[in-house]
>>> print(open('data_4.cif').read())   # mmCIF, C-alpha atoms
data_model
loop_
_atom_site.label_atom_id
_atom_site.label_comp_id
_atom_site.auth_asym_id
_atom_site.auth_seq_id
_atom_site.Cartn_x
_atom_site.Cartn_y
_atom_site.Cartn_z
CA MET A 209 -19.44 -24.59 -1.71
CA SER A 210 -18.20 -25.99 1.61
CA GLU A 211 -16.82 -28.98 -0.31
CA ASN A 212 -15.04 -26.56 -2.62
CA ILE A 213 -13.50 -24.77 0.35
CA ASP A 214 -12.20 -28.09 1.66
CA GLN A 215 -10.65 -28.85 -1.73
CA LEU A 216 -9.10 -25.37 -1.91
CA THR A 217 -7.67 -25.66 1.60
CA GLU A 218 -6.25 -29.05 0.65
CA LEU A 219 -4.59 -27.48 -2.43
CA LEU A 220 -2.92 -24.82 -0.26
CA ARG A 221 -1.73 -27.43 2.25
CA LYS A 222 -0.29 -29.55 -0.57
CA LEU A 223 1.48 -26.49 -2.03
CA GLU A 224 3.21 -25.99 1.30
CA SER A 225 4.10 -29.68 1.66
CA VAL A 226 5.56 -30.13 -1.86
CA ASN A 227 7.76 -27.05 -1.61
CA SER A 228 9.42 -26.17 1.69
CA ASP A 229 10.16 -22.66 0.38
CA VAL A 230 6.42 -21.91 0.59
CA GLN A 231 5.71 -20.56 4.07
CA GLY A 232 2.03 -19.80 3.70
CA SER A 233 -0.67 -19.13 1.13
CA SER A 234 -4.12 -17.72 0.74
CA ILE A 235 -6.86 -17.51 -1.87
CA VAL A 236 -8.75 -14.22 -2.06
CA SER A 237 -11.53 -12.98 -4.30
CA VAL A 238 -10.76 -10.31 -6.91
CA GLN A 239 -13.06 -8.09 -4.84
CA GLY A 240 -10.64 -8.40 -1.91
CA LEU A 241 -12.50 -10.85 0.33
CA PRO A 242 -10.91 -13.94 1.90
CA ILE A 243 -11.84 -17.30 0.29
CA CYS A 244 -9.52 -19.65 2.14
CA SER A 245 -6.20 -19.37 3.88
CA ALA A 246 -3.18 -21.29 5.11
CA LEU A 247 -1.40 -18.33 6.67
CA ALA A 248 0.01 -17.98 10.18
CA ARG A 249 -2.64 -17.52 12.88
CA ASP A 250 -1.65 -14.01 13.81
CA VAL A 251 -2.16 -12.75 10.25
CA ASN A 252 -5.31 -10.75 9.57
CA ASP A 253 -6.87 -12.51 6.54
CA CYS A 254 -9.20 -9.62 5.79
CA ILE A 255 -6.36 -7.10 5.57
CA VAL A 256 -4.23 -9.44 3.42
CA SER A 257 -7.17 -10.09 1.07
CA ALA A 258 -7.98 -6.43 0.67
CA MET A 259 -4.34 -5.53 0.05
CA SER A 260 -3.78 -8.37 -2.43
CA ALA A 261 -6.79 -7.36 -4.50
CA ALA A 262 -5.83 -3.68 -4.37
CA ILE A 263 -2.26 -4.36 -5.54
CA GLN A 264 -3.52 -6.75 -8.24
CA SER A 265 -6.03 -4.25 -9.53
CA VAL A 266 -3.63 -1.25 -9.67
CA SER A 267 -0.95 -3.49 -11.24
CA GLU A 268 -3.36 -4.59 -13.99
CA ARG A 269 -3.86 -0.93 -14.84
CA ALA A 270 -0.08 -0.26 -14.65
CA VAL A 271 0.94 -3.01 -17.11
CA GLU A 272 -1.72 -1.72 -19.48
CA GLU A 273 -0.55 1.91 -19.23
CA LEU A 274 3.11 0.88 -19.60
CA ALA A 275 2.51 -1.59 -22.46
CA ARG A 276 3.84 -4.69 -20.62
CA GLY A 277 1.10 -7.04 -21.93
CA ALA A 278 -1.35 -8.89 -19.70
CA LEU A 279 -0.40 -9.13 -16.02
CA THR A 280 1.12 -12.52 -15.16
CA ARG A 281 2.50 -12.18 -11.63
CA ILE A 282 3.46 -9.70 -8.90
CA LEU A 283 6.45 -10.16 -6.60
CA ILE A 284 6.69 -8.05 -3.48
CA GLU A 285 10.18 -8.58 -2.11
CA GLY A 286 11.00 -7.95 1.52
CA GLU A 287 14.28 -8.39 3.38
CA ASP A 288 12.97 -11.63 4.94
CA GLY A 289 11.02 -13.11 2.02
CA THR A 290 8.70 -12.55 -0.89
CA ILE A 291 4.95 -12.26 -1.42
CA ILE A 292 3.83 -13.65 -4.80
CA LEU A 293 0.42 -12.71 -6.20
CA SER A 294 -0.97 -14.62 -9.20
CA LYS A 295 -4.40 -14.61 -10.78
CA ALA A 296 -6.17 -17.96 -10.35
CA GLY A 297 -8.91 -17.93 -12.95
CA ASN A 298 -11.35 -15.05 -13.32
CA ASN A 299 -12.50 -14.77 -9.74
CA ALA A 300 -9.55 -15.39 -7.47
CA ILE A 301 -6.01 -14.34 -6.61
CA LEU A 302 -3.48 -16.76 -5.13
CA CYS A 303 -1.20 -15.13 -2.57
CA VAL A 304 1.92 -17.16 -1.68
CA LEU A 305 4.62 -16.41 0.89
CA ALA A 306 8.13 -17.56 0.04
CA GLY A 307 11.18 -17.54 2.30
CA LYS A 308 14.26 -15.35 1.92
CA GLU A 309 16.45 -17.80 -0.02
CA ALA A 310 13.56 -19.48 -1.88
CA LYS A 311 14.23 -21.09 -5.24
CA LEU A 312 11.60 -19.00 -6.97
CA GLY A 313 11.65 -20.89 -10.30
CA MET A 314 10.32 -24.00 -8.59
CA VAL A 315 7.87 -21.98 -6.49
CA PHE A 316 6.49 -20.38 -9.69
CA LEU A 317 5.93 -23.82 -11.26
CA ASN A 318 4.10 -25.06 -8.16
CA ILE A 319 2.00 -21.88 -8.06
CA LYS A 320 1.07 -22.23 -11.73
CA SER A 321 -0.22 -25.75 -11.28
CA VAL A 322 -2.23 -24.82 -8.14
CA ALA A 323 -3.65 -21.70 -9.82
CA ILE A 324 -5.05 -23.86 -12.65
CA LYS A 325 -6.75 -26.17 -10.13
CA ILE A 326 -8.19 -23.21 -8.23
CA ALA A 327 -9.56 -21.82 -11.49
CA GLU A 328 -11.24 -25.17 -12.22
CA LEU A 329 -12.96 -25.06 -8.84
CA LEU A 330 -13.97 -21.40 -8.81
CA ASP A 331 -14.62 -20.32 -12.42
CA MET B 71 16.03 22.32 -8.03
CA SER B 72 16.10 22.67 -11.83
CA GLU B 73 19.76 21.59 -11.74
CA ASN B 74 18.72 18.57 -9.68
CA ILE B 75 16.09 17.65 -12.25
CA ASP B 76 18.72 17.80 -14.99
CA GLN B 77 20.97 15.50 -12.98
CA LEU B 78 18.08 13.09 -12.31
CA THR B 79 17.11 13.03 -15.99
CA GLU B 80 20.75 12.34 -16.85
CA LEU B 81 20.77 9.41 -14.38
CA LEU B 82 17.69 7.89 -16.05
CA ARG B 83 19.19 8.34 -19.52
CA LYS B 84 22.43 6.68 -18.39
CA LEU B 85 20.49 3.77 -16.87
CA GLU B 86 18.88 3.15 -20.25
CA SER B 87 22.18 3.46 -22.11
CA VAL B 88 24.22 1.12 -19.86
CA ASN B 89 21.59 -1.63 -19.95
CA SER B 90 19.68 -2.30 -23.15
CA ASP B 91 17.11 -4.35 -21.19
CA VAL B 92 15.89 -1.09 -19.61
CA GLN B 93 13.16 0.31 -21.85
CA GLY B 94 12.19 3.34 -19.81
CA SER B 95 12.27 4.76 -16.31
CA SER B 96 10.71 7.36 -14.12
CA ILE B 97 11.23 8.94 -10.69
CA VAL B 98 8.09 9.68 -8.71
CA SER B 99 7.54 11.14 -5.26
CA VAL B 100 6.27 8.87 -2.47
CA GLN B 101 3.13 11.05 -2.58
CA GLY B 102 2.53 9.88 -6.15
CA LEU B 103 3.61 12.95 -8.12
CA PRO B 104 5.97 12.85 -11.13
CA ILE B 105 9.55 14.10 -10.46
CA CYS B 106 11.20 13.25 -13.76
CA SER B 107 10.68 10.72 -16.49
CA ALA B 108 12.30 8.90 -19.39
CA LEU B 109 9.21 7.00 -20.47
CA ALA B 110 7.63 6.77 -23.92
CA ARG B 111 5.82 9.94 -25.00
CA ASP B 112 2.37 8.39 -25.06
CA VAL B 113 2.60 7.34 -21.41
CA ASN B 114 0.67 9.43 -18.89
CA ASP B 115 3.30 10.32 -16.24
CA CYS B 116 0.69 11.41 -13.72
CA ILE B 117 -1.14 8.08 -13.87
CA VAL B 118 2.11 6.09 -13.65
CA SER B 119 3.29 8.16 -10.67
CA ALA B 120 0.03 7.77 -8.79
CA MET B 121 -0.08 4.02 -9.47
CA SER B 122 3.58 3.49 -8.49
CA ALA B 123 3.13 5.26 -5.17
CA ALA B 124 -0.15 3.43 -4.48
CA ILE B 125 1.40 0.00 -5.14
CA GLN B 126 4.49 0.90 -3.10
CA SER B 127 2.43 2.08 -0.17
CA VAL B 128 0.08 -0.94 -0.04
CA SER B 129 3.07 -3.27 -0.52
CA GLU B 130 4.88 -1.70 2.44
CA ARG B 131 1.86 -2.51 4.56
CA ALA B 132 1.64 -6.05 3.08
CA VAL B 133 5.25 -7.04 3.87
CA GLU B 134 4.72 -5.76 7.40
CA GLU B 135 1.48 -7.72 7.90
CA LEU B 136 3.03 -10.86 6.40
CA ALA B 137 6.35 -10.57 8.28
CA ARG B 138 8.56 -10.34 5.17
CA GLY B 139 10.88 -7.65 6.62
CA ALA B 140 11.34 -4.21 5.11
CA LEU B 141 10.18 -3.81 1.49
CA THR B 142 13.10 -3.97 -0.95
CA ARG B 143 11.54 -4.18 -4.42
CA ILE B 144 8.31 -4.83 -6.33
CA LEU B 145 8.16 -6.66 -9.65
CA ILE B 146 5.02 -6.43 -11.74
CA GLU B 147 5.38 -9.00 -14.49
CA GLY B 148 3.45 -8.72 -17.71
CA GLU B 149 3.50 -10.97 -20.78
CA ASP B 150 5.64 -8.39 -22.63
CA GLY B 151 7.92 -7.17 -19.84
CA THR B 152 8.30 -6.19 -16.22
CA ILE B 153 7.79 -3.04 -14.15
CA ILE B 154 10.27 -2.74 -11.27
CA LEU B 155 9.56 -0.37 -8.39
CA SER B 156 12.32 0.43 -5.89
CA LYS B 157 12.53 3.01 -3.13
CA ALA B 158 15.17 5.67 -3.89
CA GLY B 159 15.83 7.32 -0.55
CA ASN B 160 13.08 8.61 1.71
CA ASN B 161 11.23 10.74 -0.79
CA ALA B 162 11.24 8.97 -4.15
CA ILE B 163 10.38 5.76 -5.97
CA LEU B 164 12.30 4.62 -9.03
CA CYS B 165 10.08 2.93 -11.63
CA VAL B 166 11.94 0.96 -14.31
CA LEU B 167 10.57 -0.85 -17.36
CA ALA B 168 12.39 -4.00 -18.43
CA GLY B 169 11.85 -6.03 -21.60
CA LYS B 170 10.41 -9.54 -21.82
CA GLU B 171 13.68 -11.49 -21.84
CA ALA B 172 15.59 -9.02 -19.63
CA LYS B 173 18.50 -10.30 -17.53
CA LEU B 174 16.97 -9.04 -14.31
CA GLY B 175 20.04 -9.65 -12.11
CA MET B 176 21.99 -7.04 -14.05
CA VAL B 177 18.99 -4.69 -14.19
CA PHE B 178 18.67 -4.92 -10.37
CA LEU B 179 22.35 -4.00 -9.92
CA ASN B 180 22.00 -0.98 -12.23
CA ILE B 181 18.81 0.09 -10.43
CA LYS B 182 20.49 -0.17 -7.02
CA SER B 183 23.33 2.12 -8.04
CA VAL B 184 20.97 4.68 -9.61
CA ALA B 185 18.65 4.58 -6.57
CA ILE B 186 21.57 5.51 -4.30
CA LYS B 187 22.44 8.48 -6.52
CA ILE B 188 18.78 9.62 -6.60
CA ALA B 189 18.67 9.43 -2.80
CA GLU B 190 21.80 11.61 -2.58
CA LEU B 191 20.11 14.24 -4.74
CA LEU B 192 16.65 14.16 -3.16
CA ASP B 193 17.07 13.27 0.52
#
>>> encode(input="data_4.cif", output="structure tokens")
Amino acid sequence: MSENIDQLTELLRKLESVNSDVQGSSIVSVQGLPICSALARDVNDCIVSAMSAAIQSVSERAVEELARGALTRILIEGEDGTIILSKAGNNAILCVLAGKEAKLGMVFLNIKSVAIKIAELLD
Amino acid sequence: MSENIDQLTELLRKLESVNSDVQGSSIVSVQGLPICSALARDVNDCIVSAMSAAIQSVSERAVEELARGALTRILIEGEDGTIILSKAGNNAILCVLAGKEAKLGMVFLNIKSVAIKIAELLD
């Protein structure tokens, strides 16, 4: 498992290095527990994990109730940037922080490719 | 208040008529109670209201924790369309359903103008 964590951390670091619009990222379990993180030091990983899983879970129910098909992605837009939540396989959620003027199309592509690799490691 | 509800319902109807990408909309209180709705008949307004307010509230906390500035908008993307949540003044949340291939830039502009009018009526 420790080897897996190293590989996951490496994936998050690569995500940040290939796209300068990515300002941080984190992998959390669907139960809301931290798996691994590349977020700023002053961020509370436990709170972020719990919130990501809560938003993901309520959103899954919302798209079902409102007939929007299966949930693909959640964007939480703030004045200074965006939080992007995407499912990464059956067990994990990838949480990515993008800057204010981020080119989101490219960020989405990068996220998609990382999410597939996370799924391979964790499913 | 009943007059207000009529005006709010009219705003939602107009939103749908000016932009064919809008497939439904609803105004809910920040406490999670329905205010008025132009959603499909088989949708449970109470569930949608509670979920919208829950997602909005956790997201407000998330953007704060992750230093993204004040929350502006939430997009919940499904395979068949998107749910857009926006604050409408201090007391209400505007929930809008957009189709799969919606031109979201235009939808956002329409939402912004309606949200201002809702705030004028409810704040």
>>> resolve_selection(input="data_4.cif", expression="the PyMOL selection byres ((chain A) within 12 of (chain B))", output="JSON, numbers by chain")
{"A": [231, 232, 233, 234, 247, 248, 249, 250, 251, 252, 253, 254, 255, 256, 257, 258, 259, 260, 261, 262, 263, 264, 265, 266, 267, 268, 269, 270, 271, 272, 273, 274, 275, 276, 277, 278, 279, 280, 281, 282, 283, 284, 285, 286, 287, 288, 289, 290, 291, 292, 293, 294, 295, 303, 304, 305, 306, 307, 308]}
>>> atom_distance(input="data_4.cif", atom1="atom CA of A:Ala246", atom2="atom CA of A:Asp331")
21.0 Å
>>> resolve_selection(input="data_4.cif", expression="the PyMOL selection byres ((chain A and resi 223) around 12)", output="ChimeraX atom specification")
/A:216-222,224-234,246,302-306,314-323,325-326
>>> residues_around(input="data_4.cif", residues="B:Val98", least_positions_apart="5", cutoff="6 Å", atoms="only C-alpha atoms", output="mmCIF file with C-alpha atoms, in the frame of the given file")
data_model
loop_
_atom_site.group_PDB
_atom_site.id
_atom_site.type_symbol
_atom_site.label_atom_id
_atom_site.label_comp_id
_atom_site.auth_asym_id
_atom_site.auth_seq_id
_atom_site.Cartn_x
_atom_site.Cartn_y
_atom_site.Cartn_z
ATOM 1 C CA LEU B 103 3.610 12.950 -8.120
ATOM 2 C CA PRO B 104 5.970 12.850 -11.130
ATOM 3 C CA ILE B 105 9.550 14.100 -10.460
ATOM 4 C CA SER B 119 3.290 8.160 -10.670
ATOM 5 C CA ALA B 162 11.240 8.970 -4.150
ATOM 6 C CA ILE B 163 10.380 5.760 -5.970
#
>>> atom_distance(input="data_4.cif", atom1="atom CA of A:Leu329", atom2="atom CA of A:Leu312")
25.4 Å
>>> calpha_fit_and_write(input="data_4.cif", fixed="chain B", moving="chain A", output="CSV table (one decimal) with C-alpha atoms, in the coordinates of the input")
chain,number,residue,atom,x,y,z
A,209,MET,CA,16.0,22.3,-8.0
A,210,SER,CA,16.1,22.6,-11.8
A,211,GLU,CA,19.7,21.6,-11.7
A,212,ASN,CA,18.7,18.6,-9.7
A,213,ILE,CA,16.1,17.6,-12.3
A,214,ASP,CA,18.7,17.8,-15.0
A,215,GLN,CA,21.0,15.5,-13.0
A,216,LEU,CA,18.1,13.1,-12.3
A,217,THR,CA,17.1,13.0,-16.0
A,218,GLU,CA,20.7,12.3,-16.9
A,219,LEU,CA,20.8,9.4,-14.4
A,220,LEU,CA,17.7,7.9,-16.1
A,221,ARG,CA,19.2,8.3,-19.5
A,222,LYS,CA,22.4,6.7,-18.4
A,223,LEU,CA,20.5,3.8,-16.9
A,224,GLU,CA,18.9,3.2,-20.3
A,225,SER,CA,22.2,3.5,-22.1
A,226,VAL,CA,24.2,1.1,-19.9
A,227,ASN,CA,21.6,-1.6,-20.0
A,228,SER,CA,19.7,-2.3,-23.2
A,229,ASP,CA,17.1,-4.3,-21.2
A,230,VAL,CA,15.9,-1.1,-19.6
A,231,GLN,CA,13.2,0.3,-21.9
A,232,GLY,CA,12.2,3.3,-19.8
A,233,SER,CA,12.3,4.8,-16.3
A,234,SER,CA,10.7,7.4,-14.1
A,235,ILE,CA,11.2,8.9,-10.7
A,236,VAL,CA,8.1,9.7,-8.7
A,237,SER,CA,7.5,11.1,-5.3
A,238,VAL,CA,6.3,8.9,-2.5
A,239,GLN,CA,3.1,11.0,-2.6
A,240,GLY,CA,2.5,9.9,-6.2
A,241,LEU,CA,3.6,13.0,-8.1
A,242,PRO,CA,6.0,12.9,-11.1
A,243,ILE,CA,9.5,14.1,-10.5
A,244,CYS,CA,11.2,13.2,-13.7
A,245,SER,CA,10.7,10.7,-16.5
A,246,ALA,CA,12.3,8.9,-19.4
A,247,LEU,CA,9.2,7.0,-20.5
A,248,ALA,CA,7.6,6.8,-23.9
A,249,ARG,CA,5.8,9.9,-25.0
A,250,ASP,CA,2.4,8.4,-25.1
A,251,VAL,CA,2.6,7.3,-21.4
A,252,ASN,CA,0.7,9.4,-18.9
A,253,ASP,CA,3.3,10.3,-16.2
A,254,CYS,CA,0.7,11.4,-13.7
A,255,ILE,CA,-1.1,8.1,-13.9
A,256,VAL,CA,2.1,6.1,-13.7
A,257,SER,CA,3.3,8.2,-10.7
A,258,ALA,CA,0.0,7.8,-8.8
A,259,MET,CA,-0.1,4.0,-9.5
A,260,SER,CA,3.6,3.5,-8.5
A,261,ALA,CA,3.1,5.3,-5.2
A,262,ALA,CA,-0.1,3.4,-4.5
A,263,ILE,CA,1.4,0.0,-5.1
A,264,GLN,CA,4.5,0.9,-3.1
A,265,SER,CA,2.4,2.1,-0.2
A,266,VAL,CA,0.1,-0.9,0.0
A,267,SER,CA,3.1,-3.3,-0.5
A,268,GLU,CA,4.9,-1.7,2.4
A,269,ARG,CA,1.9,-2.5,4.6
A,270,ALA,CA,1.6,-6.1,3.1
A,271,VAL,CA,5.3,-7.0,3.9
A,272,GLU,CA,4.7,-5.7,7.4
A,273,GLU,CA,1.5,-7.7,7.9
A,274,LEU,CA,3.0,-10.9,6.4
A,275,ALA,CA,6.3,-10.6,8.3
A,276,ARG,CA,8.6,-10.3,5.2
A,277,GLY,CA,10.9,-7.7,6.6
A,278,ALA,CA,11.3,-4.2,5.1
A,279,LEU,CA,10.2,-3.8,1.5
A,280,THR,CA,13.1,-4.0,-1.0
A,281,ARG,CA,11.5,-4.2,-4.4
A,282,ILE,CA,8.3,-4.8,-6.3
A,283,LEU,CA,8.2,-6.7,-9.7
A,284,ILE,CA,5.0,-6.4,-11.7
A,285,GLU,CA,5.4,-9.0,-14.5
A,286,GLY,CA,3.4,-8.7,-17.7
A,287,GLU,CA,3.5,-11.0,-20.8
A,288,ASP,CA,5.6,-8.4,-22.6
A,289,GLY,CA,7.9,-7.2,-19.8
A,290,THR,CA,8.3,-6.2,-16.2
A,291,ILE,CA,7.8,-3.0,-14.2
A,292,ILE,CA,10.3,-2.7,-11.3
A,293,LEU,CA,9.6,-0.4,-8.4
A,294,SER,CA,12.3,0.4,-5.9
A,295,LYS,CA,12.5,3.0,-3.1
A,296,ALA,CA,15.2,5.7,-3.9
A,297,GLY,CA,15.8,7.3,-0.5
A,298,ASN,CA,13.1,8.6,1.7
A,299,ASN,CA,11.2,10.7,-0.8
A,300,ALA,CA,11.2,9.0,-4.1
A,301,ILE,CA,10.4,5.8,-6.0
A,302,LEU,CA,12.3,4.6,-9.0
A,303,CYS,CA,10.1,2.9,-11.6
A,304,VAL,CA,11.9,1.0,-14.3
A,305,LEU,CA,10.6,-0.9,-17.4
A,306,ALA,CA,12.4,-4.0,-18.4
A,307,GLY,CA,11.8,-6.0,-21.6
A,308,LYS,CA,10.4,-9.5,-21.8
A,309,GLU,CA,13.7,-11.5,-21.8
A,310,ALA,CA,15.6,-9.0,-19.6
A,311,LYS,CA,18.5,-10.3,-17.5
A,312,LEU,CA,17.0,-9.0,-14.3
A,313,GLY,CA,20.0,-9.7,-12.1
A,314,MET,CA,22.0,-7.0,-14.0
A,315,VAL,CA,19.0,-4.7,-14.2
A,316,PHE,CA,18.7,-4.9,-10.4
A,317,LEU,CA,22.4,-4.0,-9.9
A,318,ASN,CA,22.0,-1.0,-12.2
A,319,ILE,CA,18.8,0.1,-10.4
A,320,LYS,CA,20.5,-0.2,-7.0
A,321,SER,CA,23.3,2.1,-8.0
A,322,VAL,CA,21.0,4.7,-9.6
A,323,ALA,CA,18.7,4.6,-6.6
A,324,ILE,CA,21.6,5.5,-4.3
A,325,LYS,CA,22.4,8.5,-6.5
A,326,ILE,CA,18.8,9.6,-6.6
A,327,ALA,CA,18.7,9.4,-2.8
A,328,GLU,CA,21.8,11.6,-2.6
A,329,LEU,CA,20.1,14.2,-4.7
A,330,LEU,CA,16.7,14.2,-3.2
A,331,ASP,CA,17.1,13.3,0.5
>>> axis_aligned_box(input="data_4.cif", around="stretch 84-101 of chain B", padding_each_side="3 Å", output="lines of an AutoDock Vina configuration file")
center_x = 13.7
center_y = 3.4
center_z = -12.8
size_x = 27.1
size_y = 21.5
size_z = 26.7
>>> closest_residue(input="data_4.cif", among="B:Glu190, B:Lys173, B:Ser99, B:Ser107", to="B:Asn161", atoms="all atoms listed in the file")
B:Ser99
>>> atom_distance(input="data_4.cif", atom1="atom CA of B:Asn74", atom2="atom CA of B:Ala172")
29.5 Å
>>> build_atoms(input="data_4.cif", residues="stretch 182-190 of chain B", atoms="all heavy atoms", output="mmCIF file, in the coordinates of the input")
data_model
loop_
_atom_site.group_PDB
_atom_site.id
_atom_site.type_symbol
_atom_site.label_atom_id
_atom_site.label_comp_id
_atom_site.auth_asym_id
_atom_site.auth_seq_id
_atom_site.Cartn_x
_atom_site.Cartn_y
_atom_site.Cartn_z
ATOM 1 N N LYS B 182 19.998 -0.437 -8.374
ATOM 2 C CA LYS B 182 20.490 -0.170 -7.020
ATOM 3 C C LYS B 182 21.447 1.027 -7.024
ATOM 4 O O LYS B 182 21.327 1.930 -6.191
ATOM 5 C CB LYS B 182 21.227 -1.419 -6.510
ATOM 6 C CG LYS B 182 21.230 -1.539 -5.017
ATOM 7 C CD LYS B 182 21.721 -2.922 -4.599
ATOM 8 C CE LYS B 182 21.738 -3.048 -3.089
ATOM 9 N NZ LYS B 182 22.208 -4.364 -2.659
ATOM 10 N N SER B 183 22.346 1.035 -8.010
ATOM 11 C CA SER B 183 23.330 2.120 -8.040
ATOM 12 C C SER B 183 22.651 3.448 -8.367
ATOM 13 O O SER B 183 22.990 4.489 -7.785
ATOM 14 C CB SER B 183 24.457 1.735 -9.010
ATOM 15 O OG SER B 183 24.528 2.615 -10.076
ATOM 16 N N VAL B 184 21.675 3.433 -9.278
ATOM 17 C CA VAL B 184 20.970 4.680 -9.610
ATOM 18 C C VAL B 184 20.127 5.160 -8.423
ATOM 19 O O VAL B 184 20.068 6.360 -8.127
ATOM 20 C CB VAL B 184 20.083 4.491 -10.868
ATOM 21 C CG1 VAL B 184 19.203 5.698 -11.105
ATOM 22 C CG2 VAL B 184 20.951 4.253 -12.097
ATOM 23 N N ALA B 185 19.502 4.214 -7.711
ATOM 24 C CA ALA B 185 18.650 4.580 -6.570
ATOM 25 C C ALA B 185 19.464 5.297 -5.502
ATOM 26 O O ALA B 185 18.984 6.259 -4.882
ATOM 27 C CB ALA B 185 17.970 3.343 -6.003
ATOM 28 N N ILE B 186 20.695 4.847 -5.288
ATOM 29 C CA ILE B 186 21.570 5.510 -4.300
ATOM 30 C C ILE B 186 21.861 6.943 -4.726
ATOM 31 O O ILE B 186 21.788 7.876 -3.920
ATOM 32 C CB ILE B 186 22.895 4.705 -4.128
ATOM 33 C CG1 ILE B 186 22.595 3.365 -3.448
ATOM 34 C CG2 ILE B 186 23.921 5.494 -3.324
ATOM 35 C CD1 ILE B 186 23.755 2.375 -3.451
ATOM 36 N N LYS B 187 22.134 7.120 -6.030
ATOM 37 C CA LYS B 187 22.440 8.480 -6.520
ATOM 38 C C LYS B 187 21.206 9.395 -6.434
ATOM 39 O O LYS B 187 21.313 10.573 -6.120
ATOM 40 C CB LYS B 187 22.961 8.417 -7.954
ATOM 41 C CG LYS B 187 24.366 7.837 -8.022
ATOM 42 C CD LYS B 187 24.841 7.647 -9.456
ATOM 43 C CE LYS B 187 26.124 6.837 -9.507
ATOM 44 N NZ LYS B 187 26.297 6.124 -10.773
ATOM 45 N N ILE B 188 20.026 8.825 -6.707
ATOM 46 C CA ILE B 188 18.780 9.620 -6.600
ATOM 47 C C ILE B 188 18.591 10.059 -5.144
ATOM 48 O O ILE B 188 18.260 11.213 -4.862
ATOM 49 C CB ILE B 188 17.559 8.795 -7.067
ATOM 50 C CG1 ILE B 188 17.667 8.474 -8.560
ATOM 51 C CG2 ILE B 188 16.246 9.535 -6.776
ATOM 52 C CD1 ILE B 188 16.648 7.468 -9.056
ATOM 53 N N ALA B 189 18.824 9.111 -4.218
ATOM 54 C CA ALA B 189 18.670 9.430 -2.800
ATOM 55 C C ALA B 189 19.605 10.571 -2.393
ATOM 56 O O ALA B 189 19.210 11.481 -1.656
ATOM 57 C CB ALA B 189 18.951 8.186 -1.961
ATOM 58 N N GLU B 190 20.838 10.544 -2.917
ATOM 59 C CA GLU B 190 21.800 11.610 -2.580
ATOM 60 C C GLU B 190 21.296 12.976 -3.058
ATOM 61 O O GLU B 190 21.500 13.989 -2.406
ATOM 62 C CB GLU B 190 23.162 11.318 -3.237
ATOM 63 C CG GLU B 190 23.955 10.234 -2.514
ATOM 64 C CD GLU B 190 25.143 9.727 -3.343
ATOM 65 O OE1 GLU B 190 25.404 10.294 -4.423
ATOM 66 O OE2 GLU B 190 25.769 8.761 -2.901
#
